[in-house]
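For reference, my_file-v9.txt (compact mmCIF, C-alpha atoms):
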```txt
# COMPACT_ATOMS: atom_id res chain seq x y z
CA MET K 1 0.00 0.00 0.00
CA THR K 2 1.33 3.43 -0.92
CA ALA K 3 0.22 6.87 0.20
CA THR K 4 -1.69 9.09 -2.20
CA ILE K 5 0.49 11.86 -3.59
CA THR K 6 -1.18 14.99 -4.92
CA ALA K 7 -0.22 16.64 -8.21
CA ASP K 8 1.30 19.54 -6.27
CA GLN K 9 3.42 17.18 -4.16
CA GLN K 10 4.56 15.36 -7.29
CA THR K 11 5.57 18.66 -8.89
CA ARG K 12 7.64 19.62 -5.83
CA PHE K 13 9.25 16.19 -5.81
CA ALA K 14 10.14 16.41 -9.50
CA ASP K 15 11.64 19.85 -8.96
CA ALA K 16 13.74 18.58 -6.04
CA LEU K 17 14.98 15.66 -8.15
CA ARG K 18 15.96 18.11 -10.90
CA ARG K 19 17.96 20.21 -8.44
CA ALA K 20 19.58 17.09 -7.04
CA ASP K 21 20.63 15.96 -10.52
CA LEU K 22 22.29 19.33 -11.16
CA VAL K 23 24.17 19.13 -7.86
CA ALA K 24 25.21 15.53 -8.58
CA ALA K 25 26.62 16.56 -11.97
CA GLU K 26 28.61 19.36 -10.36
CA LEU K 27 29.95 17.03 -7.67
CA ARG K 28 30.91 14.34 -10.18
CA ALA K 29 33.00 16.79 -12.20
CA THR K 30 35.38 17.33 -9.27
CA ALA K 31 34.86 14.12 -7.28
CA ALA K 32 38.26 12.55 -7.91
CA GLU K 33 40.13 15.77 -7.09
CA ARG K 34 38.15 16.36 -3.89
CA ASP K 35 38.59 12.74 -2.84
CA ARG K 36 42.37 13.14 -3.03
CA ALA K 37 42.26 16.44 -1.13
CA ASN K 38 40.37 14.82 1.80
CA ALA K 39 39.17 18.21 3.10
CA ASP K 40 36.19 18.91 5.33
CA PRO K 41 33.02 19.08 3.18
CA VAL K 42 32.20 22.71 3.92
CA ALA K 43 31.75 23.78 0.29
CA GLU K 44 29.74 20.68 -0.51
CA ILE K 45 27.28 21.33 2.31
CA GLU K 46 26.86 24.88 1.04
CA LEU K 47 26.14 23.49 -2.43
CA LEU K 48 23.32 21.39 -0.98
CA ARG K 49 22.06 24.37 1.02
CA ASN K 50 22.06 26.71 -1.97
CA ALA K 51 20.12 24.12 -3.99
CA ASP K 52 17.43 24.03 -1.27
CA LEU K 53 18.02 20.32 -0.66
CA LEU K 54 18.57 20.43 3.11
CA GLN K 55 14.96 21.27 3.99
CA VAL K 56 13.03 19.18 1.43
CA GLY K 57 11.39 17.04 4.13
CA GLU K 58 9.95 19.96 6.07
CA PRO K 59 6.38 21.25 5.56
CA VAL K 60 5.74 23.73 2.76
CA ASP K 61 4.19 26.14 5.27
CA PHE K 62 7.51 26.24 7.12
CA GLY K 63 9.58 26.78 3.95
CA GLY K 64 10.34 23.19 2.97
CA SER K 65 9.26 21.07 0.00
CA GLY K 66 6.89 18.81 1.93
CA LEU K 67 8.50 15.60 0.69
CA ASN K 68 7.92 12.42 2.62
CA TYR K 69 10.84 10.44 3.99
CA ALA K 70 11.03 7.93 1.14
CA GLN K 71 11.12 10.79 -1.36
CA SER K 72 13.86 12.52 0.61
CA GLN K 73 16.01 9.40 0.41
CA GLU K 74 15.51 9.29 -3.35
CA ILE K 75 17.25 12.67 -3.34
CA THR K 76 20.11 10.93 -1.52
CA ARG K 77 20.24 8.33 -4.31
CA ARG K 78 20.53 11.05 -6.96
CA ILE K 79 23.36 12.79 -5.10
CA ALA K 80 25.19 9.46 -4.74
CA ARG K 81 25.43 9.26 -8.52
CA GLY K 82 27.84 12.18 -8.25
CA ASP K 83 29.56 11.69 -4.88
CA THR K 84 29.00 8.90 -2.36
CA SER K 85 30.51 10.84 0.54
CA ILE K 86 28.12 13.76 0.16
CA ALA K 87 25.16 11.41 -0.30
CA HIS K 88 26.20 9.69 2.94
CA LEU K 89 26.04 13.05 4.74
CA LEU K 90 22.73 13.99 3.15
CA GLY K 91 21.10 10.62 3.84
CA TYR K 92 22.12 10.81 7.49
CA HIS K 93 20.94 14.42 7.63
CA TYR K 94 17.45 13.49 6.45
CA ALA K 95 17.28 10.64 8.98
CA GLN K 96 18.43 12.87 11.83
CA GLN K 97 15.86 15.54 10.99
CA ARG K 98 13.11 12.94 11.58
CA ILE K 99 14.31 11.76 15.01
CA PRO K 100 12.50 14.55 16.90
CA HIS K 101 9.26 13.35 15.30
CA LEU K 102 9.82 9.87 16.72
CA PHE K 103 11.14 10.70 20.19
CA GLY K 104 10.40 14.36 20.86
CA THR K 105 7.29 16.07 22.07
CA PRO K 106 5.06 17.60 19.37
CA GLU K 107 6.33 21.02 20.45
CA GLN K 108 9.99 19.98 20.10
CA ALA K 109 9.37 18.41 16.71
CA GLU K 110 7.57 21.48 15.36
CA GLU K 111 10.15 23.94 16.66
CA LEU K 112 13.03 22.00 15.12
CA SER K 113 11.16 21.59 11.82
CA ARG K 114 10.61 25.34 11.63
CA GLN K 115 14.29 25.96 12.32
CA ASN K 116 15.34 23.39 9.73
CA ALA K 117 13.24 25.04 7.07
CA SER K 118 13.97 28.68 7.84
CA GLU K 119 17.69 28.28 8.57
CA LYS K 120 18.38 25.40 6.16
CA SER K 121 20.20 23.67 9.00
CA PHE K 122 22.56 20.79 8.29
CA TRP K 123 22.49 17.97 10.84
CA GLY K 124 25.48 15.86 11.81
CA GLY K 125 25.18 12.70 13.85
CA VAL K 126 26.90 11.43 16.99
CA GLN K 127 25.02 8.16 17.23
CA ASN K 128 27.25 5.22 16.41
CA PRO K 129 27.01 3.07 19.57
CA ARG K 130 30.31 1.27 19.02
CA GLY K 131 33.77 2.47 19.93
CA ALA K 132 35.52 4.32 22.75
CA SER K 133 33.71 5.01 26.01
CA GLY K 134 30.34 6.05 24.66
CA LEU K 135 28.47 9.07 25.94
CA GLU K 136 26.88 9.50 29.34
CA LEU K 137 24.42 12.17 30.36
CA THR K 138 24.28 13.08 34.05
CA ARG K 139 22.28 15.53 36.13
CA ASP K 140 23.87 18.84 37.12
CA GLY K 141 21.50 20.88 39.26
CA ASP K 142 18.57 21.89 37.10
CA GLY K 143 20.45 20.92 33.97
CA PHE K 144 22.62 18.11 32.62
CA ARG K 145 26.21 17.43 31.52
CA LEU K 146 27.38 15.23 28.66
CA ASN K 147 30.73 13.41 28.79
CA GLY K 148 32.49 10.80 26.70
CA ARG K 149 33.86 9.97 23.27
CA ARG K 150 32.63 8.41 20.08
CA THR K 151 34.92 6.89 17.47
CA PHE K 152 32.72 7.80 14.50
CA ALA K 153 30.49 10.86 14.05
CA SER K 154 29.59 11.80 10.48
CA GLY K 155 29.42 15.48 9.64
CA ALA K 156 29.85 16.54 13.23
CA SER K 157 32.46 19.26 12.73
CA VAL K 158 30.66 20.96 9.81
CA ALA K 159 27.08 20.67 11.09
CA ASP K 160 24.75 23.36 12.36
CA ARG K 161 23.00 20.93 14.70
CA LEU K 162 23.84 17.51 16.11
CA SER K 163 21.64 14.51 16.73
CA VAL K 164 23.18 12.61 19.63
CA THR K 165 22.44 9.38 21.47
CA ALA K 166 23.61 8.97 25.06
CA ILE K 167 23.01 6.85 28.14
CA PHE K 168 21.16 8.49 31.00
CA GLU K 169 20.71 6.52 34.21
CA GLY K 170 20.95 3.29 32.25
CA ASP K 171 18.53 4.23 29.46
CA LEU K 172 19.05 5.43 25.89
CA VAL K 173 18.12 9.06 25.26
CA PHE K 174 18.17 11.22 22.13
CA LEU K 175 19.49 14.79 22.13
CA ALA K 176 19.16 17.58 19.58
CA ILE K 177 21.81 20.26 20.20
CA PRO K 178 23.67 23.07 18.42
CA ARG K 179 27.11 22.04 17.19
CA ASP K 180 28.87 25.00 18.83
CA LYS K 181 28.40 23.66 22.35
CA GLU K 182 30.96 24.31 25.05
CA GLY K 183 33.06 21.22 25.67
CA PHE K 184 32.40 19.61 22.27
CA THR K 185 35.51 18.81 20.22
CA PRO K 186 35.72 17.04 16.84
CA LEU K 187 38.99 15.09 16.85
CA GLY K 188 39.74 15.49 13.13
CA ASP K 189 41.11 11.96 12.80
CA TRP K 190 39.14 10.67 9.79
CA ASP K 191 41.62 9.43 7.14
CA ASN K 192 40.14 6.24 5.71
CA ILE K 193 40.40 4.65 2.27
CA GLY K 194 36.85 5.69 1.35
CA GLN K 195 34.05 8.08 2.29
CA ARG K 196 36.86 10.55 2.77
CA LEU K 197 34.61 13.62 2.63
CA THR K 198 32.14 12.50 5.29
CA ASP K 199 33.93 14.10 8.25
CA SER K 200 33.37 10.83 10.11
CA GLY K 201 36.11 11.03 12.72
CA GLY K 202 35.88 10.84 16.48
CA VAL K 203 34.38 13.42 18.81
CA GLU K 204 34.64 14.21 22.50
CA PHE K 205 32.29 15.87 24.98
CA VAL K 206 33.77 17.21 28.22
CA ASN K 207 31.22 18.52 30.73
CA THR K 208 29.10 19.84 27.90
CA PRO K 209 26.03 21.61 29.32
CA ILE K 210 22.72 20.21 28.08
CA ALA K 211 19.39 21.92 28.69
CA ARG K 212 16.27 19.88 29.42
CA SER K 213 14.70 21.20 26.20
CA GLU K 214 17.57 19.63 24.21
CA ILE K 215 16.66 16.13 25.44
CA LEU K 216 13.88 14.73 23.26
CA GLY K 217 10.68 13.55 24.89
CA ASP K 218 8.50 14.01 27.94
CA ASP K 219 9.42 13.40 31.56
CA PRO K 220 10.31 11.05 33.07
CA LEU K 221 13.37 10.45 30.92
CA THR K 222 14.11 6.98 32.31
CA GLY K 223 12.17 3.76 32.65
CA LYS K 224 10.55 4.05 29.24
CA THR K 225 10.06 1.32 26.68
CA PHE K 226 10.21 2.51 23.08
CA SER K 227 7.14 1.83 20.99
CA ASP K 228 7.36 -0.23 17.81
CA TYR K 229 6.76 2.99 15.91
CA GLN K 230 9.69 4.73 17.61
CA THR K 231 12.01 1.82 16.80
CA LEU K 232 11.58 2.75 13.13
CA VAL K 233 14.52 5.06 13.86
CA THR K 234 16.94 2.34 12.73
CA PRO K 235 15.15 1.58 9.43
CA HIS K 236 15.46 5.33 8.73
CA TRP K 237 19.25 5.04 8.74
CA GLN K 238 19.23 1.71 6.91
CA LEU K 239 17.11 3.15 4.09
CA ALA K 240 19.66 5.95 3.72
CA PHE K 241 22.38 3.32 3.28
CA VAL K 242 20.33 1.44 0.70
CA ASN K 243 19.91 4.58 -1.38
CA PHE K 244 23.47 5.81 -1.38
CA TYR K 245 24.77 2.31 -2.15
CA ILE K 246 22.61 1.82 -5.21
CA GLY K 247 22.93 5.46 -6.25
CA THR K 248 26.70 5.01 -6.26
CA ALA K 249 26.37 1.93 -8.46
CA GLU K 250 24.10 3.80 -10.88
CA GLY K 251 26.48 6.74 -11.12
CA ALA K 252 29.62 4.61 -11.35
CA LEU K 253 28.18 2.51 -14.17
CA GLU K 254 27.04 5.61 -16.06
CA GLU K 255 30.48 7.20 -15.61
CA ALA K 256 32.22 4.04 -16.83
CA LEU K 257 30.03 3.83 -19.92
CA ASP K 258 30.65 7.48 -20.80
CA TRP K 259 34.41 6.92 -20.50
CA THR K 260 34.21 3.71 -22.57
CA ARG K 261 32.32 5.39 -25.41
CA ILE K 262 35.01 8.06 -25.72
CA ASN K 263 38.26 6.39 -24.69
CA ALA K 264 38.16 2.60 -24.75
CA SER K 265 39.73 0.53 -27.52
CA ALA K 266 38.53 -2.76 -28.94
CA TRP K 267 40.57 -5.82 -27.97
CA GLU K 268 42.89 -6.92 -30.78
CA THR K 269 41.24 -10.33 -31.29
CA SER K 270 37.65 -9.16 -30.81
CA GLY K 271 36.97 -8.86 -34.52
CA VAL K 272 35.32 -5.46 -34.04
CA ASP K 273 36.56 -1.90 -34.47
CA ALA K 274 34.96 -0.31 -31.43
CA ALA K 275 34.99 -1.34 -27.78
CA THR K 276 31.29 -0.56 -27.67
CA ASP K 277 30.71 -3.46 -30.09
CA ASP K 278 32.79 -6.00 -28.16
CA PRO K 279 30.43 -8.91 -27.31
CA TYR K 280 32.04 -9.52 -23.91
CA ILE K 281 31.74 -5.86 -22.94
CA LEU K 282 28.12 -5.84 -24.08
CA GLU K 283 27.40 -8.96 -22.05
CA LEU K 284 28.98 -7.51 -18.91
CA VAL K 285 27.21 -4.18 -19.31
CA GLY K 286 23.90 -5.99 -19.73
CA GLU K 287 24.52 -8.17 -16.67
CA LEU K 288 25.47 -5.27 -14.42
CA LYS K 289 22.65 -3.06 -15.68
CA ALA K 290 20.09 -5.79 -14.95
CA LYS K 291 21.41 -6.22 -11.42
CA VAL K 292 21.44 -2.47 -10.77
CA THR K 293 17.86 -2.17 -12.03
CA ALA K 294 16.72 -5.04 -9.80
CA ALA K 295 18.45 -3.56 -6.74
CA SER K 296 17.01 -0.11 -7.49
CA LEU K 297 13.50 -1.55 -7.62
CA LEU K 298 14.07 -3.30 -4.30
CA ALA K 299 15.28 0.01 -2.86
CA ASP K 300 12.05 1.64 -4.07
CA ARG K 301 10.05 -1.13 -2.38
CA ALA K 302 11.97 -0.59 0.86
CA GLY K 303 11.19 3.13 0.76
CA GLU K 304 7.51 2.44 0.19
CA ALA K 305 7.47 -0.02 3.11
CA LEU K 306 9.02 2.45 5.55
CA GLN K 307 6.81 5.29 4.37
CA TRP K 308 3.73 3.10 4.81
CA ALA K 309 4.80 2.34 8.38
CA LEU K 310 5.43 6.01 9.13
CA ASP K 311 2.07 6.98 7.68
CA PHE K 312 0.38 4.24 9.72
CA GLY K 313 1.53 6.04 12.83
CA PRO K 314 2.12 5.31 16.52
CA GLU K 315 -0.30 2.36 16.58
CA LEU K 316 2.11 0.35 14.41
CA SER K 317 2.29 -3.26 15.62
CA ALA K 318 5.40 -5.32 16.33
CA GLU K 319 4.63 -7.53 13.34
CA GLN K 320 4.25 -4.54 11.03
CA ARG K 321 7.51 -3.10 12.31
CA ALA K 322 9.27 -6.42 11.71
CA ASP K 323 7.91 -6.72 8.18
CA THR K 324 9.09 -3.19 7.42
CA ALA K 325 12.57 -3.80 8.85
CA VAL K 326 12.94 -7.05 6.89
CA LYS K 327 11.95 -5.39 3.60
CA ILE K 328 14.66 -2.81 4.19
CA ALA K 329 17.11 -5.56 5.18
CA GLU K 330 16.42 -7.33 1.88
CA ALA K 331 17.21 -4.14 0.00
CA LYS K 332 20.30 -3.54 2.15
CA PHE K 333 21.59 -7.04 1.39
CA LEU K 334 21.10 -6.80 -2.38
CA THR K 335 22.26 -3.21 -2.82
CA THR K 336 25.43 -4.04 -0.88
CA LYS K 337 26.23 -7.03 -3.08
CA VAL K 338 25.33 -5.36 -6.37
CA SER K 339 27.04 -2.04 -5.70
CA LEU K 340 30.30 -3.70 -4.68
CA GLU K 341 30.23 -5.93 -7.77
CA VAL K 342 29.57 -3.00 -10.09
CA ALA K 343 32.30 -0.87 -8.54
CA SER K 344 34.88 -3.67 -8.78
CA ARG K 345 34.05 -4.75 -12.35
CA LEU K 346 33.95 -1.37 -14.04
CA PHE K 347 37.53 -1.77 -15.20
CA GLU K 348 36.56 -4.89 -17.14
CA ILE K 349 34.38 -2.61 -19.25
CA GLN K 350 36.78 0.31 -19.48
CA GLY K 351 40.11 -1.44 -19.83
CA ALA K 352 43.53 -0.96 -18.24
CA ARG K 353 43.92 2.74 -19.08
CA ALA K 354 40.97 3.53 -16.81
CA THR K 355 43.07 2.54 -13.79
CA THR K 356 45.11 5.74 -14.21
CA ALA K 357 45.05 7.41 -10.80
CA ALA K 358 44.01 10.79 -12.19
CA TYR K 359 40.60 9.42 -13.17
CA GLY K 360 39.87 8.26 -9.65
CA PHE K 361 37.49 5.50 -10.72
CA ASP K 362 38.67 3.38 -7.81
CA ARG K 363 36.92 5.77 -5.42
CA HIS K 364 33.58 4.06 -6.07
CA TRP K 365 34.79 0.74 -4.70
CA ARG K 366 36.73 2.39 -1.85
CA ASN K 367 33.66 4.38 -0.81
CA LEU K 368 31.35 1.38 -0.90
CA ARG K 369 33.79 -0.99 0.76
CA THR K 370 34.34 1.49 3.57
CA HIS K 371 30.67 2.01 4.39
CA THR K 372 29.26 -1.46 3.67
CA VAL K 373 31.18 -2.82 6.65
CA HIS K 374 29.34 -0.32 8.86
CA ASP K 375 27.20 -3.22 10.01
CA PRO K 376 27.94 -6.64 8.46
CA VAL K 377 25.43 -7.51 5.75
CA ALA K 378 25.59 -11.19 6.81
CA TYR K 379 23.59 -10.20 9.89
CA LYS K 380 20.94 -8.68 7.64
CA ALA K 381 20.67 -11.98 5.74
CA ARG K 382 20.33 -13.81 9.04
CA GLU K 383 17.54 -11.48 10.17
CA ILE K 384 15.70 -12.04 6.90
CA GLY K 385 16.08 -15.81 7.21
CA ASP K 386 14.94 -15.88 10.83
CA TRP K 387 11.82 -13.87 9.97
CA VAL K 388 10.92 -15.92 6.90
CA LEU K 389 11.61 -19.32 8.48
CA ASN K 390 10.71 -18.78 12.13
CA GLN K 391 8.72 -15.51 12.26
CA ARG K 392 11.25 -14.18 14.76
CA ALA K 393 11.44 -10.42 14.39
CA PRO K 394 14.76 -8.54 14.21
CA GLN K 395 15.61 -7.31 17.70
CA PHE K 396 15.67 -3.53 17.93
CA THR K 397 19.15 -2.04 18.20
CA LEU K 398 20.70 1.03 16.61
CA TYR K 399 21.76 -1.37 13.83
CA SER K 400 18.49 -3.28 13.20
```
Show the structure stored in the file as C-alpha cells.
Amino acid sequence: MTATITADQQTRFADALRRADLVAAELRATAAERDRANADPVAEIELLRNADLLQVGEPVDFGGSGLNYAQSQEITRRIARGDTSIAHLLGYHYAQQRIPHLFGTPEQAEELSRQNASEKSFWGGVQNPRGASGLELTRDGDGFRLNGRRTFASGASVADRLSVTAIFEGDLVFLAIPRDKEGFTPLGDWDNIGQRLTDSGGVEFVNTPIARSEILGDDPLTGKTFSDYQTLVTPHWQLAFVNFYIGTAEGALEEALDWTRINASAWETSGVDAATDDPYILELVGELKAKVTAASLLADRAGEALQWALDFGPELSAEQRADTAVKIAEAKFLTTKVSLEVASRLFEIQGARATTAAYGFDRHWRNLRTHTVHDPVAYKAREIGDWVLNQRAPQFTLYS
C-alpha cells in the first residue's frame, strides 16, 4: 500500500529531483580531485544548502518542500550518482531531521522543523554506539552534563546541529543540540580509504552543558520502553544506506560507460573496431545493468514499506515493524552485493587505461567498501532468514 500523492506534491518532488541531478553533476566533475584532497566538506554542504536540498522534508508552510521520507532518500540516491561521501552526509541528515518526530514532544518536533526550514540547517550525527567510552548524560543541578567519546560521528564538525544518542541513568536518550556547544571537540582523525569527505572522525564531549529542552521527549526520561513505531529510527538510517549504495552503483556505471564510449579501444582479437561493439563488454554491461535495475526496484520497495509504516503512525504493531525492517534488510543485502560488484568490475568494461590514478574510478569501490562494513550484511541476511523461516522479528538495536 502506498500513500496518495497529490499533483502539487509530485511537482515539488520532480523539482527537487531536478535540483539534485544538477548538484550531482557538479559534484561528479570534481569528485576525484576532492577525494584526493580529503578536506572537510564545507563547500559541498553549502552546495546542498544553496540548492534548497537540506529542507526538502519539512512542511511547505515552514519553507520546505513537503517531501515524505522515502522521497527525501531518493534525493540521496541522486546525489550518490555524483559523490557517495556527500550522499552519505545527506542521507544521514534526512534521517536525523526525523528523530524529533519519533522521540520528541510535538512542540519539540515542530520547533526544530521550523528551524530546519527557515535556517536550512545541516544535521550531523553522533550516534554510532560502538567504539571508545560512549556518551553518558548526568544531572547537574537543574540541567545536565554530557561526557564521553565516540569513534565515528559523520558530519559533526561541519554541522549546524547535532543529533546525539547517550546513556542516562541506564537508558538510551536522544538529544538535539547546536554544534557549537561548550566542551564539544571534533577530533579530526578521519583518514580512511573511502568516504573521505564524510567528516566521520571521532568526537569528545567534556562537561558539555545540556538543557532539558535539548533532550527529546516528555518526563520522566528513564524507565521508558520505546514503541514499535519509535524503533523505526533504525530503518530510517538503513534506508539511507540502501539509497546511497545503489545510487553510487548507478552513477559509477554511467560514468564508466561514458568513458568507454570516448576512450576505450577494442581488444585486438575481438573482430570489431569499437569497444562498444565487443560482445564480452556488451554482455557484462547488460549483466550489471540488470542487477542495478533489480536492486534499485528493491530500494524503491523498501522506501515504500518504511513510508507506509510512518504513515500508519504510533499504533504500528510489532509484526508490522518487523515486516518493514525485513523489507529494508532485503534491500540492504542486495544493494550491498550489487554495488560492490559494479564498482569492482567497471575496469573490465573500461580497460587498463581507466586505472590511471588521475581518473579516480577506484573511489567508487573504496567508498562502498568502507561504508558497507558499517554493520555486516551477513547479519541482515540472518535477520531475513529468521523472519521468513521462524517468524522471529529482528531485535531492535541502533543497527536493526
> Which one of K:Ser200, K:Asn192, K:Ser121, K:Gln350 sits closest to Ile177 in chain K if you count only C-alpha atoms?
Replying inline: K:Ser121
>> Between CA of Asp40 in chain K and CA of Pro100 in chain K, what distance in Å does the model show, to one decimal?
In response: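 For CA of Asp40 in chain K relative to CA of Pro100 in chain K, the distance reads 26.7 Å.
Between CA of Arg98 in chain K and CA of Thr76 in chain K the interatomic distance comes to 15.0 Å.
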Can you check which parts of range 244-309 of chain K lie within 12 Å of range 86-90 of chain K? Per residue, the shortest pair of atoms and distance in Å to one decimal, counting all atoms listed in the file, sorted by chain and number, as a Markdown table.
```
| residue | atom | partner | partner_atom | distance |
| --- | --- | --- | --- | --- |
| K:Phe244 | CA | K:Ala87 | CA | 5.9 |
| K:Tyr245 | CA | K:His88 | CA | 9.1 |
| K:Ile246 | CA | K:Ala87 | CA | 11.1 |
| K:Gly247 | CA | K:Ala87 | CA | 8.7 |
| K:Thr248 | CA | K:Ala87 | CA | 8.9 |
| K:Gly251 | CA | K:Ala87 | CA | 11.9 |
```
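Distances to Trp237 in chain K were evaluated for K:Asp311, K:Asp300, K:Asp375, K:Glu33 using only C-alpha atoms, and the minimum falls at K:Asp375.
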> Distance CA of Leu27 in chain K-CA of Gly82 in chain K, one decimal place?
Replying inline: 5.3 Å
> Taking into account all atoms listed in the file, which residue in the set K:Pro41, K:Gly155, K:Pro129, K:Gly217 is nearest to Leu187 in chain K?
Replying inline: K:Gly155
> Quick one: of K:Ala318, K:Ala16, K:Pro59, K:Ser85, who's nearest to Leu197 in chain K, counting all atoms listed in the file?
Replying inline: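 Of all the options, K:Ser85 lies closest to Leu197 in chain K.
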> Contacts of Phe144 in chain K at 9 Å or less, counting all atoms listed in the file, minus same-chain residues fewer than 5 places along, as number ranges by chain?
Replying inline: K: 137-139, 207-212
>> Report as number ranges by chain all protein, DNA and RNA residues lying within 8 Å of Ile384 in chain K, evaluated on only C-alpha atoms, omitting residues in the same chain fewer than 6 positions from it.
In response: K: 326, 329-330
> Pick the closest to Glu315 in chain K from K:Asp61, K:Asp218, K:Asp8, K:Asp228: which is it, counting all atoms listed in the file?
Replying inline: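 Once distances to Glu315 in chain K are computed over all atoms listed in the file, the minimum belongs to K:Asp228.
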>> Taking 5 positions as the minimum chain separation for residues in the same chain, which residues sit within 10 Å of Gly91 in chain K when counting all atoms listed in the file? Answer as a list in words.
In response: Ser72, Gln73, Glu74, Ile75, Thr76, Arg77, Ile79, Ala80, Ser85, Ile86, Gln96, His236, Trp237, Gln238, Leu239, Ala240, Phe241, Val242, Asn243 and Phe244 of chain K
> Leu298 in chain K: which residues within 12 Å, counting all atoms listed in the file, same-chain residues fewer than 2 positions away excluded, as a PyMOL selection string?
Replying inline: chain K and resi 239+242-243+246+291-296+300-305+326-336+338
> Using all atoms listed in the file, can you list as a list in words the residues within 12 Å of (10.7, -1.9, 25.8)?
Replying inline: Asp171, Leu172, Thr222, Gly223, Lys224, Thr225, Phe226, Ser227, Asp228, Tyr229, Gln230, Thr231, Ala318, Gln395, Phe396 and Thr397 of chain K
At a cut-off of 12 Å, can you tabulate as JSON lines every residue of range 110-205 of chain K near range 357-373 of chain K together with its closest atom pair and the distance in Å to one decimal, using all atoms listed in the file and ordering rows by chain then number?
```
{"residue": "K:Phe152", "atom": "CA", "partner": "K:His371", "partner_atom": "CA", "distance": 11.8}
{"residue": "K:Ser154", "atom": "CA", "partner": "K:His371", "partner_atom": "CA", "distance": 11.6}
{"residue": "K:Asp191", "atom": "CA", "partner": "K:Thr370", "partner_atom": "CA", "distance": 11.3}
{"residue": "K:Asn192", "atom": "CA", "partner": "K:Thr370", "partner_atom": "CA", "distance": 7.8}
{"residue": "K:Ile193", "atom": "CA", "partner": "K:Arg366", "partner_atom": "CA", "distance": 6.0}
{"residue": "K:Gly194", "atom": "CA", "partner": "K:Asn367", "partner_atom": "CA", "distance": 4.1}
{"residue": "K:Gln195", "atom": "CA", "partner": "K:Asn367", "partner_atom": "CA", "distance": 4.8}
{"residue": "K:Arg196", "atom": "CA", "partner": "K:Asn367", "partner_atom": "CA", "distance": 7.8}
{"residue": "K:Leu197", "atom": "CA", "partner": "K:Asn367", "partner_atom": "CA", "distance": 9.9}
{"residue": "K:Thr198", "atom": "CA", "partner": "K:Asn367", "partner_atom": "CA", "distance": 10.3}
{"residue": "K:Ser200", "atom": "CA", "partner": "K:His371", "partner_atom": "CA", "distance": 10.9}
```
